[in-house]
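Colleague: Input file: model22.cif. Contents: mmCIF, C-alpha atoms.
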```
data_model
loop_
_atom_site.label_atom_id
_atom_site.label_comp_id
_atom_site.auth_asym_id
_atom_site.auth_seq_id
_atom_site.Cartn_x
_atom_site.Cartn_y
_atom_site.Cartn_z
CA MET T 145 -86.04 106.83 -24.72
CA ALA T 146 -88.69 109.30 -25.77
CA ARG T 147 -90.38 111.09 -22.91
CA ALA T 148 -93.76 109.99 -24.28
CA ASP T 149 -93.04 106.33 -23.46
CA THR T 150 -95.47 104.85 -20.93
CA LEU T 151 -95.94 101.31 -19.66
CA VAL T 152 -99.57 100.16 -19.62
CA VAL T 153 -100.37 97.17 -17.39
CA ILE T 154 -103.82 95.69 -17.96
CA ASP T 155 -105.75 93.79 -15.28
CA MET T 156 -103.04 91.82 -13.47
CA GLN T 157 -105.54 90.97 -10.75
CA ALA T 158 -105.33 88.52 -7.86
CA LYS T 159 -108.42 86.46 -8.77
CA LEU T 160 -107.59 86.35 -12.50
CA VAL T 161 -103.85 85.64 -12.61
CA PRO T 162 -104.05 82.13 -11.03
CA HIS T 163 -106.19 81.06 -14.00
CA ILE T 164 -103.78 82.39 -16.64
CA ASP T 165 -101.83 79.77 -18.60
CA ASP T 166 -98.27 79.95 -17.24
CA GLY T 167 -99.48 82.78 -15.00
CA GLU T 168 -96.41 82.69 -12.78
CA ARG T 169 -94.13 83.40 -15.76
CA VAL T 170 -96.41 86.17 -17.04
CA THR T 171 -96.47 87.74 -13.58
CA GLN T 172 -92.67 87.56 -13.35
CA ARG T 173 -92.28 89.26 -16.75
CA VAL T 174 -94.80 91.97 -15.85
CA ALA T 175 -93.07 92.50 -12.50
CA ALA T 176 -89.70 92.85 -14.24
CA ILE T 177 -90.96 95.47 -16.69
CA VAL T 178 -92.75 97.40 -13.92
CA ARG T 179 -89.55 97.44 -11.83
CA ALA T 180 -87.52 98.52 -14.87
CA ALA T 181 -89.99 101.31 -15.58
CA GLY T 182 -89.58 102.54 -12.02
CA LEU T 183 -85.80 102.35 -12.25
CA LEU T 184 -85.72 104.23 -15.57
CA ASP T 185 -88.45 106.81 -14.85
CA VAL T 186 -90.97 105.42 -17.34
CA PRO T 187 -94.51 106.21 -16.16
CA VAL T 188 -96.80 103.25 -15.43
CA VAL T 189 -100.56 103.30 -15.93
CA ALA T 190 -102.37 100.18 -14.71
CA THR T 191 -105.99 99.10 -14.88
CA GLU T 192 -108.26 96.88 -12.83
CA GLN T 193 -111.34 95.36 -14.43
CA ASN T 194 -114.23 95.10 -11.95
CA PRO T 195 -111.97 94.86 -8.87
CA ARG T 196 -114.92 93.89 -6.64
CA GLY T 197 -115.22 90.70 -8.66
CA LEU T 198 -111.64 90.06 -9.83
CA GLY T 199 -109.80 91.49 -6.83
CA ALA T 200 -107.07 94.08 -6.66
CA THR T 201 -103.82 94.01 -8.62
CA VAL T 202 -101.44 91.22 -7.58
CA ASP T 203 -99.66 92.18 -4.35
CA GLY T 204 -96.35 93.95 -4.78
CA LEU T 205 -96.72 94.64 -8.49
CA LEU T 206 -97.54 98.36 -8.22
CA ASP T 207 -96.62 101.12 -5.84
CA GLY T 208 -97.70 104.68 -5.09
CA ARG T 209 -95.90 106.11 -8.13
CA HIS T 210 -98.16 104.22 -10.53
CA ARG T 211 -101.52 105.41 -11.80
CA LEU T 212 -104.25 102.82 -11.17
CA ILE T 213 -107.49 103.13 -13.11
CA GLU T 214 -110.62 101.14 -12.32
CA LYS T 215 -112.63 100.26 -15.40
CA ASP T 216 -115.82 98.50 -16.45
CA SER T 217 -115.20 98.26 -20.19
CA PHE T 218 -112.95 95.62 -21.70
CA ASP T 219 -111.27 98.30 -23.85
CA ALA T 220 -109.62 100.65 -21.33
CA THR T 221 -109.75 103.51 -23.85
CA ARG T 222 -113.49 103.73 -23.15
CA ALA T 223 -112.62 104.95 -19.62
CA ASN T 224 -111.99 108.70 -19.56
CA ALA T 225 -109.69 108.40 -16.53
CA PHE T 226 -107.48 105.98 -18.45
CA LEU T 227 -107.17 108.30 -21.44
CA ALA T 228 -106.46 111.25 -19.13
CA ALA T 229 -103.56 109.33 -17.54
CA LEU T 230 -101.77 108.81 -20.87
CA PRO T 231 -99.35 111.14 -22.64
CA PRO T 232 -100.68 112.74 -25.81
CA ALA T 233 -100.60 110.66 -28.99
CA PRO T 234 -98.45 109.73 -30.85
CA GLY T 235 -96.50 108.52 -27.81
CA THR T 236 -95.24 104.97 -27.49
CA LEU T 237 -97.19 102.75 -25.12
CA TRP T 238 -95.68 99.45 -24.00
CA ILE T 239 -98.57 97.11 -23.13
CA ALA T 240 -98.67 94.03 -20.89
CA GLY T 241 -101.22 92.15 -18.79
CA ALA T 242 -104.24 89.88 -18.95
CA GLU T 243 -106.22 88.58 -20.64
CA ALA T 244 -104.30 88.97 -23.87
CA HIS T 245 -107.22 88.15 -26.17
CA VAL T 246 -109.77 90.36 -24.37
CA CYS T 247 -108.80 93.45 -22.37
CA VAL T 248 -105.19 93.74 -23.53
CA LEU T 249 -106.04 93.28 -27.21
CA LEU T 250 -109.13 95.50 -27.18
CA THR T 251 -107.19 98.22 -25.36
CA ALA T 252 -104.32 97.96 -27.83
CA ILE T 253 -106.76 98.32 -30.74
CA GLY T 254 -108.34 101.35 -29.04
CA LEU T 255 -104.92 102.93 -28.49
CA LEU T 256 -103.89 102.35 -32.10
CA ALA T 257 -107.14 103.96 -33.28
CA ARG T 258 -106.25 107.03 -31.20
CA GLY T 259 -102.87 107.40 -32.88
CA TYR T 260 -100.56 105.79 -30.33
CA ARG T 261 -97.64 103.55 -31.20
CA VAL T 262 -98.22 100.27 -29.35
CA GLU T 263 -95.38 97.96 -28.36
CA TRP T 264 -97.00 94.62 -27.44
CA LEU T 265 -94.87 92.85 -24.80
CA ALA T 266 -95.52 89.33 -26.07
CA ASP T 267 -93.78 87.64 -23.14
CA ALA T 268 -95.74 89.72 -20.60
CA VAL T 269 -99.30 89.03 -21.76
CA GLY T 270 -101.36 86.01 -20.83
CA SER T 271 -104.70 84.31 -21.29
CA ARG T 272 -106.37 81.33 -19.65
CA ARG T 273 -105.69 79.29 -22.76
CA ALA T 274 -102.41 79.29 -24.71
CA ALA T 275 -104.31 79.33 -28.02
CA ASP T 276 -106.09 82.55 -27.04
CA ARG T 277 -102.75 84.17 -26.16
CA ALA T 278 -101.22 83.07 -29.48
CA THR T 279 -104.21 84.42 -31.40
CA ALA T 280 -104.03 87.71 -29.49
CA ASN T 281 -100.33 88.08 -30.37
CA LEU T 282 -101.14 87.57 -34.05
CA ARG T 283 -104.18 89.85 -34.02
CA ALA T 284 -102.29 92.62 -32.19
CA GLN T 285 -99.64 92.50 -34.89
CA GLN T 286 -102.26 92.50 -37.66
CA GLU T 287 -103.85 95.58 -36.10
CA GLY T 288 -100.54 97.46 -36.12
CA ALA T 289 -98.99 96.79 -32.72
CA ARG T 290 -95.31 95.90 -32.76
CA LEU T 291 -94.54 92.61 -31.02
CA THR T 292 -91.57 92.82 -28.70
CA THR T 293 -90.34 91.48 -25.37
CA VAL T 294 -89.65 92.75 -21.87
CA GLU T 295 -85.91 92.50 -22.45
CA THR T 296 -86.12 94.51 -25.67
CA ALA T 297 -88.17 97.19 -23.90
CA ILE T 298 -85.65 97.50 -21.08
CA PHE T 299 -82.71 97.81 -23.45
CA SER T 300 -84.66 100.32 -25.54
CA TRP T 301 -85.28 102.45 -22.45
CA LEU T 302 -81.61 102.20 -21.42
CA GLY T 303 -80.30 103.25 -24.82
CA ASP T 304 -76.77 101.94 -24.21
CA PHE T 305 -74.61 100.20 -21.63
CA ARG T 306 -73.28 103.53 -20.36
CA HIS T 307 -76.63 104.35 -18.78
CA PRO T 308 -76.02 104.92 -15.04
CA ARG T 309 -78.63 102.29 -14.15
CA PHE T 310 -77.54 99.69 -16.70
CA ARG T 311 -76.35 97.11 -14.15
CA GLU T 312 -79.49 97.49 -12.02
CA ALA T 313 -81.72 97.09 -15.07
CA LEU T 314 -79.70 94.13 -16.33
CA ALA T 315 -80.21 92.38 -12.98
CA LEU T 316 -83.98 92.45 -13.59
CA ILE T 317 -83.73 90.20 -16.62
CA LYS T 318 -80.98 87.78 -15.56
#
```
Mind turning this structure into structure tokens?
Modeller:
Amino acid sequence: MARADTLVVIDMQAKLVPHIDDGERVTQRVAAIVRAAGLLDVPVVATEQNPRGLGATVDGLLDGRHRLIEKDSFDATRANAFLAALPPAPGTLWIAGAEAHVCVLLTAIGLLARGYRVEWLADAVGSRRAADRATANLRAQQEGARLTTVETAIFSWLGDFRHPRFREALALIK
């Protein structure tokens, strides 16, 4: 794993997630990748869109090691604090969260424009409507993000089965 890898979690907020299509599954996938990042020392940068209206991040998803950025813009790259929390481009950013077709997609496009490699965790993004999520997956790929999955990300970070935390990481996806 390159040291410039960072997990970006967009707007997994308590008042939004219950409205996400298959929101429980999306939350489980995001939780798995956040736990894997912690286990494998991958930094996590998370955002909250208008937390006074949409609430805080879902309980138990983040901890004190993670950077949490409040934002007003749909594209997180318009928030200076968000950009300051990221490694320098051209690092690899693994992106997950909600809503796929709004804040996640617009942030991914902003990151790509700034020279980052974006790995779009297709099984860890969600929207209120399945069609919006499907369109966001397609659009992200058209814009240059690489579609991948939580499991692929974890194995990428591990490198091989000899990693000292292999069994712990494997337990997150079984």
Colleague: Of the candidates T:Val202, T:Ile317, T:Ala228, T:Ile154, which one gets nearest to Val246 (chain T) if we count all atoms listed in the file?
Modeller: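 Under the stated criterion, the closest residue is T:Ile154.
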Colleague: For a test of reading the model, state the distance in Å between CA of Arg173 (chain T) and CA of Asp216 (chain T), rounded to one decimal.
Modeller: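 Distance reported for this atom pair: 25.3 Å.
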Colleague: Extract, using all atoms listed in the file, all DNA, RNA and protein residues at most 12 Å from Ser300 (chain T), discarding same-chain residues fewer than 4 positions from it, and format them as a list in words.
Modeller: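 Those residues are Met145, Ala146, Asp149, Ile177, Ala180, Ala181, Leu184, Val186, Thr236, Trp238, Glu263, Thr292, Thr293, Val294, Glu295, Thr296, Asp304, Phe305, His307, Phe310 and Ala313 of chain T.
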Colleague: Could you write out the selected residues, including C-alpha atoms, as a short mmCIF file (atom, residue, chain, number, x, y, z; two decimals), in the frame of the given file?
Modeller:
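Output saved as selection_10.cif:
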```cif
data_model
loop_
_atom_site.label_atom_id
_atom_site.label_comp_id
_atom_site.auth_asym_id
_atom_site.auth_seq_id
_atom_site.Cartn_x
_atom_site.Cartn_y
_atom_site.Cartn_z
CA MET T 145 -86.04 106.83 -24.72
CA ALA T 146 -88.69 109.30 -25.77
CA ASP T 149 -93.04 106.33 -23.46
CA ILE T 177 -90.96 95.47 -16.69
CA ALA T 180 -87.52 98.52 -14.87
CA ALA T 181 -89.99 101.31 -15.58
CA LEU T 184 -85.72 104.23 -15.57
CA VAL T 186 -90.97 105.42 -17.34
CA THR T 236 -95.24 104.97 -27.49
CA TRP T 238 -95.68 99.45 -24.00
CA GLU T 263 -95.38 97.96 -28.36
CA THR T 292 -91.57 92.82 -28.70
CA THR T 293 -90.34 91.48 -25.37
CA VAL T 294 -89.65 92.75 -21.87
CA GLU T 295 -85.91 92.50 -22.45
CA THR T 296 -86.12 94.51 -25.67
CA ASP T 304 -76.77 101.94 -24.21
CA PHE T 305 -74.61 100.20 -21.63
CA HIS T 307 -76.63 104.35 -18.78
CA PHE T 310 -77.54 99.69 -16.70
CA ALA T 313 -81.72 97.09 -15.07
#
```
Colleague: Looking at all atoms listed in the file, which of T:Asp267, T:Glu312, T:Asp219, T:Asp165 is the one that sits closest to Ala297 (chain T)?
Modeller: T:Asp267
Colleague: With distances taken over all atoms listed in the file, which residue among T:Val153, T:Val170, T:Ile298, T:Ala289 lies nearest Ala315 (chain T)?
Modeller: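 For Ala315 (chain T), the nearest of the given residues is T:Ile298.
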Colleague: Please provide as a list in words all residues within 10 Å of Arg272 (chain T), with the sequence filter that same-chain residues fewer than 5 positions apart are discarded (counting all atoms listed in the file).
Modeller: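 The contact residues come out as Leu160, Val161, Pro162, His163, Ile164, Asp165, Asp166, Gly167, Ala242, Glu243, Ala244, His245 and Arg277 of chain T.
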Colleague: Please determine, counting all atoms listed in the file, which residue among T:Ala268, T:Cys247, T:Leu314, T:Ile213 has the shortest atom-to-atom distance to Arg169 (chain T).
Modeller: T:Ala268
Colleague: Which is closest to Arg283 (chain T) among T:Ile239, T:Arg179, T:Ala252, T:Arg258, if we use all atoms listed in the file?
Modeller: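 Residue with the minimum atom-to-atom distance to Arg283 (chain T): T:Ala252.
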Colleague: Quick check, in Å to one decimal: how far apart do CA of Pro232 (chain T) and CA of Leu316 (chain T) lie?
Modeller: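 That distance, rounded to one decimal, is 29.0 Å.
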